[in-house]
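One structure is given here, and the rest of the page talks about it.
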Amino acid sequence: MAHAGTVDLMDAEPEDAQRLATEARDRVRFEEDALALSDQVYRVARYLASSREDADELMQETYARAFRSWRSFTPGTNMRAWLLRILNNLNIDRGRRQQRAPQMQPLEANDYYLYDRLAEDGDGVSDEDKVVERLSQDDIVTALSAVPHDFRDVLVLVDLGDFSYADAAQILDIPVGTVMSRLHRGRRILKRELAESALEEAT
Amino acid sequence: MMDPCAHCEEMMQPYLDHVLTDQEKVEAEAHLAECVDCQRRYKFEESLRIYVRKAVTEEMPAELRQKLAALRIPLE
C-alpha cells in the first residue's frame with residue numbers, strides 16, 4: 001500500500017505532460033490561424049481606424065490581446081469576426097476613434113442618384129462599367145473617408161469585409177436592424193460624396 | 001400604387017445583398033426584365049461595389065506582418 005501514492009504520481013505525470021502538449025499544440029494552431037487571417041483583418045481595420053498609423057497600432061494591440069486570451073475563442077466559430085470585435089473594442093476604449101461630427105451628416109440622395117448623375121454627364125454612354133470608370137481611385141478613397149464613422153464602420157465590414165449583417169452586429173455590438181439602416185444610409189452617403197467629387201471634376 | 005421604378009430602387013440594396021424573400025425577388029426580377037433603366041442602374045450598382053472594393057483595398061505592410069508574427073507567445 002505504501003506504493004500506492006508513488007504509483008498515482010507516476011501515472012499523473014505523463015497525463016499532465018500530455019495535457020500541456022495538447023494545449024501547446026492548440027495554442028500554436030490558434031496563433032497560426034489568426035496570423036493567416038491578418039491580411040483580411042487589416043483590410044477592414046484600415047478603415048475602422050482613422051489612419052494607417054492607427055491601423056498599424058490597433059492590429060498589433062489586437063494580436064497581442066488575442067494571443068494572450070486565445071482560450072476565450074470558441075473553436076469552430078468565426079475567428080475573423082472575433083479578432084475584429086477585439087479590434088473594434090480597443091479602438092473605442094482608447095478613444096482613438098474619430099469623433100463624429102453630429103450635425104454634419106451629409107444629405108442623402110436616393111440610391112440611383114450617382115448613376116443618374118454620371119450617366120447624364122456621359123454623352124449617352126450607357127455601358128455601366130464605363131460609367132463606373134469615370135470615378136478615380138482618389139475620388140473613392142476620399143468619399144469613403146468622408147462617410148461619418150458610424151455608417152462607415154458598417155459599410156466597411158459588410159462591403160469590404162464580406163461580413164453578414166449578423167456578424168457586423170456582433171462586432172460592433174449593435175442590433176442587426178441598426179446594421180441594416182446604417183448600411184443603407186452609409187451607401188447612399190458614399191454615393192452622394194462620389195457624385196460630388198465626380199461633378200467637381202467635370203466642371 | 002407605388003411607381004414601379006421607385007419600388008425597384010427600394011429593392012435594389014436588399015436584392016444585391018441576397019436578403020430578399022423569394023416572393024420579393026420574383027417581383028423585383030419581373031420589373032427588371034421589362035425595365036431597361038432599372039436594369040442599367042442595378043448593373044451599375046453591382047460594378048460600383050466591386051470597383052469601390054478594389055479602389056480602397058490596401059495590402060498589409062510587410063513589416064506589420066513580421067511584427068504580428070513576433071507577438072506570438074514562445075513555447076516554454
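Chain labels follow the order of the C-alpha cells: the first chain is A, the next B, and so on; residue numbering restarts at 1 in every chain, and ligands are counted from 1 in their shown order.
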Region 9-14 of chain B environment, 7 Å, only C-alpha atoms, sequence neighbours closer than 5 positions dropped, as a PDB file with C-alpha atoms, in the first residue's frame:
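Output below, filename selection_0.pdb:
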ATOM      1  CA  ASP A 111     -29.959  55.105 -54.471  1.00  0.00           C
TER       2      ASP A 111
ATOM      3  CA  VAL B  19     -31.657  39.112 -48.378  1.00  0.00           C
ATOM      4  CA  LEU B  20     -34.978  39.412 -50.244  1.00  0.00           C
ATOM      5  CA  ALA B  28     -38.001  42.596 -58.468  1.00  0.00           C
ATOM      6  CA  TYR B  42     -28.711  47.596 -60.919  1.00  0.00           C
TER       7      TYR B  42
END
Note to self: Should the cut-off be 7 Å, what would the residue list for chain B against chain A look like, counting only C-alpha atoms, as an NGL selection string?
What the structure shows: :B and (9 or 40-41 or 43-44 or 47-48 or 52-53 or 55-60 or 64 or 68-69 or 71-73)
Next item on the list: Any chance you could list, as a PyMOL selection string, the residues in chain B that come up alpha helix (DSSP H) when DSSP is run on the backbone?
Entry: chain B and resi 4-16+22-34+36-56+62-70
Item checked: Shell around region 81-86 of chain A at 7 Å using only C-alpha atoms, local window under 2 positions removed, as a list of chain:residue names ->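 Contacts, in chain order: A:Val41, A:Thr62, A:Asn78, A:Met79, A:Asn88, A:Asn89, A:Leu90, A:Asp167, A:Ile171, A:Leu172.
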Notebook entry, point to check: Out of A:Ser197, A:Arg182, A:Ile174, A:Trp70, which residue has the shortest atom-to-atom distance to Arg152 (chain A) when counting only C-alpha atoms?
Noted result: A:Arg182
Note to self: Just the number, please: distance in Å from CA of Asp37 (chain B) to CA of Tyr15 (chain B), one decimal.
What the structure shows: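 Those two atoms sit 16.4 Å apart.
Taking CA of Pro148 (chain A) and CA of Glu200 (chain A) as endpoints, the distance between them is 20.9 Å.
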